[in-house]
Amino acid sequence: MRLYVVMAIALLSLSAVAQGRKPQDRCTFVTDTVMVHDPVMAVEDGLCHLFSTGNGLQHATSADRRTWTVHGEPVLADIPAWTRDSVPGFNRHVWAPDVIRFRDRWWLAYSCSTFGKNTSAIGLASSATLAVGARWRDDGPLVCSRAGRDNWNAIDPNFVIDADGQPWLAFGSFWDGIQLVRLDSTMHVAAGEKPRTIARRKVTGRANPIEAPFVFRRGGWFYLFVSWDYCCRGMESTYCVAVGRSRSVAGPYLDRDGRDMLHGGGTLVFEGDKKEFEAAGHSAAYSLGGEDIFVCHGYCIPHGGASVLVQLPMEWTADGWPVVVRQK
């Protein structure tokens with residue numbers, strides 16, 4: 001947790017220095033290098049919205065995805081009281097959001113936890129708009145986990161809509177790995193449904209270092225992106241991204257060599273190059289402006305390991321596997 005706090009202070013300080021402002025100021029500023037952790041995107045009326053980890057969640061907007069306006073007002077100005085009741089020690093530092101448009105409304109899932117523990121909760125909020133300053137309706141907890149009761153961790157949510165318009169939620173971090181559960185039309189867990197594991201990464205002598213699922217649907221396939229190894233350590237981070245695919249949202253997800261991700265499979269698709277980024281992870285993938293893009297945060301070597309936004313084109317092999325194209 002101490003490492004995470006140090007990183008947060010470093011990111012805020014770098015942004016403030018770049019703009020000539022004091023770190024404690026909560027004003028809006030414009031930048032071409034966005035300091036983020038766990039970024040996700042959505043587009044409304046031609047404007048790209050970037051949401052990420054922070055006090056009440058950080059929000060940035062851009063018309064071109066190059067120059068960003070980072071807004072001082074948090075997305076969740078009022079953190080629901082149930083989050084603190086469900087997760088002792090949680091206050092305002094909200095992690096790893098996801099956002100999706102479904103049935104003419106925007107739905108936001110967000111993570112409430114404390115570092116290294118699996119007493120956690122994924123909260124749900126909704127709004128008619130993504131506009132800065134929008135008041136998100138509290139729709140209560142979506143999934144909760146408790147130490148000693150559950151062998152999974154209710155953080156890192158990702159909404160998935162299948163070909164029939166059925167919503168699902170992928171989530172998970174360490175413990176028993178990546179979970180999937182079917183949702184109902186109100187974006188809550190459907191009656192009688194329970195999470196089930198779809199990906200693990202058992203490493204001899206270590207925990208299960210897999211988290212941050214993101215499912216991208218393309219050409220009749222569901223691609224499951226996950227992050228391996230360790231985040232939040234600056235220049236000592238070891239994060240990287242692996243992928244598998246399935247014809248069904250429920251899996252099984254196989255890597256390029258046919259290995260099931262449930263049993264440790266996964267094809268490496270992005271990692272630090274040790275020149276610009278020491279490590280990179282917590283990814284997302286989108287079709288925006290006629291191209292497929294890969295999004296994640298990278299621990300930037302020129303900025304001493306601070307976590308910055310990474311956006312790169314995503315191309316596809318002849319047999320349908322994603323390739324993240326590094327910029328020269």
# chains A, B, ... in the order shown; residues from 1 in each chain; ligands from 1

call {"tool": "residues_around", "arguments": {"residues": "Thr61 of chain A", "least_positions_apart": "6", "cutoff": "7 Å", "atoms": "only C-alpha atoms", "output": "ChimeraX atom specification"}}
result
/A:47-50,68-70

call {"tool": "closest_atom_pairs", "arguments": {"of": "segment 110-223 of chain A", "to": "segment 296-309 of chain A", "cutoff": "12 Å", "atoms": "only C-alpha atoms", "output": "JSON lines"}}
result
{"residue": "A:Ala212", "atom": "CA", "partner": "A:Cys296", "partner_atom": "CA", "distance": 10.5}
{"residue": "A:Pro213", "atom": "CA", "partner": "A:Cys296", "partner_atom": "CA", "distance": 11.8}
{"residue": "A:Phe214", "atom": "CA", "partner": "A:Cys296", "partner_atom": "CA", "distance": 10.8}

call {"tool": "atom_distance", "arguments": {"atom1": "atom CA of Asp184 of chain A", "atom2": "atom CA of Val249 of chain A"}}
result
15.3 Å

call {"tool": "atom_distance", "arguments": {"atom1": "atom CA of Tyr239 of chain A", "atom2": "atom CA of Ser227 of chain A"}}
result
6.5 Å

call {"tool": "closest_residue", "arguments": {"among": "A:Leu76, A:Leu108, A:Leu169, A:Val324", "to": "Ala154 of chain A", "atoms": "only C-alpha atoms"}}
result
A:Leu169

call {"tool": "closest_residue", "arguments": {"among": "A:Arg149, A:Arg137, A:His59, A:His93", "to": "Phe115 of chain A", "atoms": "only C-alpha atoms"}}
result
A:His93

call {"tool": "residues_around", "arguments": {"residues": "Ala77 of chain A", "least_positions_apart": "4", "cutoff": "12 Å", "atoms": "only C-alpha atoms", "output": "count of residues only"}}
result
18

call {"tool": "closest_residue", "arguments": {"among": "A:Arg146, A:His263, A:Arg66, A:Arg245", "to": "Ala121 of chain A", "atoms": "only C-alpha atoms"}}
result
A:Arg146

call {"tool": "residues_around", "arguments": {"residues": "Ser120 of chain A", "least_positions_apart": "4", "cutoff": "8 Å", "atoms": "only C-alpha atoms", "output": "list in words"}}
result
Ser86, Val87, Ser111, Cys112, Ser113, Thr114, Cys144, Ser145, Arg146, Asn153, Ala154 and Ile155 of chain A

call {"tool": "write_last_selection", "arguments": {"atoms": "N, CA, C and O atoms", "output": "PDB file, in the first residue's frame"}}
result
ATOM      1  N   SER A  86     -18.647  -2.216   3.514  1.00  0.00           N
ATOM      2  CA  SER A  86     -18.300  -3.499   2.916  1.00  0.00           C
ATOM      3  C   SER A  86     -16.803  -3.773   2.931  1.00  0.00           C
ATOM      4  O   SER A  86     -16.377  -4.937   2.989  1.00  0.00           O
ATOM      5  N   VAL A  87     -16.007  -2.696   2.870  1.00  0.00           N
ATOM      6  CA  VAL A  87     -14.550  -2.851   2.752  1.00  0.00           C
ATOM      7  C   VAL A  87     -13.858  -2.022   3.830  1.00  0.00           C
ATOM      8  O   VAL A  87     -13.580  -0.835   3.622  1.00  0.00           O
ATOM      9  N   SER A 111     -13.749  -0.346  -8.462  1.00  0.00           N
ATOM     10  CA  SER A 111     -13.212  -1.275  -7.464  1.00  0.00           C
ATOM     11  C   SER A 111     -12.935  -0.569  -6.141  1.00  0.00           C
ATOM     12  O   SER A 111     -12.304   0.491  -6.113  1.00  0.00           O
ATOM     13  N   CYS A 112     -13.387  -1.197  -5.064  1.00  0.00           N
ATOM     14  CA  CYS A 112     -13.132  -0.711  -3.714  1.00  0.00           C
ATOM     15  C   CYS A 112     -12.368  -1.800  -2.965  1.00  0.00           C
ATOM     16  O   CYS A 112     -12.893  -2.903  -2.784  1.00  0.00           O
ATOM     17  N   SER A 113     -11.152  -1.510  -2.527  1.00  0.00           N
ATOM     18  CA  SER A 113     -10.352  -2.523  -1.868  1.00  0.00           C
ATOM     19  C   SER A 113      -9.229  -1.868  -1.096  1.00  0.00           C
ATOM     20  O   SER A 113      -9.119  -0.635  -1.050  1.00  0.00           O
ATOM     21  N   THR A 114      -8.398  -2.676  -0.476  1.00  0.00           N
ATOM     22  CA  THR A 114      -7.150  -2.241   0.121  1.00  0.00           C
ATOM     23  C   THR A 114      -6.067  -3.180  -0.373  1.00  0.00           C
ATOM     24  O   THR A 114      -6.327  -4.363  -0.630  1.00  0.00           O
ATOM     25  N   CYS A 144     -19.237  -8.628  -4.384  1.00  0.00           N
ATOM     26  CA  CYS A 144     -18.412  -8.436  -3.189  1.00  0.00           C
ATOM     27  C   CYS A 144     -17.670  -9.731  -2.876  1.00  0.00           C
ATOM     28  O   CYS A 144     -18.187 -10.825  -3.099  1.00  0.00           O
ATOM     29  N   SER A 145     -16.457  -9.593  -2.358  1.00  0.00           N
ATOM     30  CA  SER A 145     -15.695 -10.758  -1.894  1.00  0.00           C
ATOM     31  C   SER A 145     -15.262 -10.512  -0.462  1.00  0.00           C
ATOM     32  O   SER A 145     -15.125  -9.366  -0.023  1.00  0.00           O
ATOM     33  N   ARG A 146     -15.038 -11.593   0.255  1.00  0.00           N
ATOM     34  CA  ARG A 146     -14.659 -11.480   1.665  1.00  0.00           C
ATOM     35  C   ARG A 146     -13.551 -12.487   1.975  1.00  0.00           C
ATOM     36  O   ARG A 146     -13.646 -13.658   1.582  1.00  0.00           O
ATOM     37  N   ASN A 153     -11.120 -12.279  -5.840  1.00  0.00           N
ATOM     38  CA  ASN A 153     -11.048 -10.885  -5.407  1.00  0.00           C
ATOM     39  C   ASN A 153     -11.923 -10.016  -6.299  1.00  0.00           C
ATOM     40  O   ASN A 153     -11.725  -9.971  -7.518  1.00  0.00           O
ATOM     41  N   ALA A 154     -12.888  -9.334  -5.710  1.00  0.00           N
ATOM     42  CA  ALA A 154     -13.861  -8.522  -6.452  1.00  0.00           C
ATOM     43  C   ALA A 154     -13.281  -7.147  -6.776  1.00  0.00           C
ATOM     44  O   ALA A 154     -13.682  -6.122  -6.221  1.00  0.00           O
ATOM     45  N   ILE A 155     -12.321  -7.144  -7.705  1.00  0.00           N
ATOM     46  CA  ILE A 155     -11.791  -5.895  -8.256  1.00  0.00           C
ATOM     47  C   ILE A 155     -11.567  -6.099  -9.754  1.00  0.00           C
ATOM     48  O   ILE A 155     -11.745  -7.185 -10.286  1.00  0.00           O
TER      49      ILE A 155
END

call {"tool": "closest_residue", "arguments": {"among": "A:Val99, A:Asn91, A:Gly219, A:Thr31", "to": "Phe51 of chain A", "atoms": "only C-alpha atoms"}}
result
A:Val99

call {"tool": "select_by_dssp", "arguments": {"residues": "segment 38-286 of chain A", "states": "strand (DSSP E or B)", "output": "number ranges by chain"}}
result
A: 40-44, 47-52, 54-55, 58-62, 68-71, 93-102, 105-112, 120-127, 137-145, 158-161, 167-171, 173, 178-183, 189, 196-199, 210-218, 221-228, 240-246, 254, 260, 267-271, 277-286
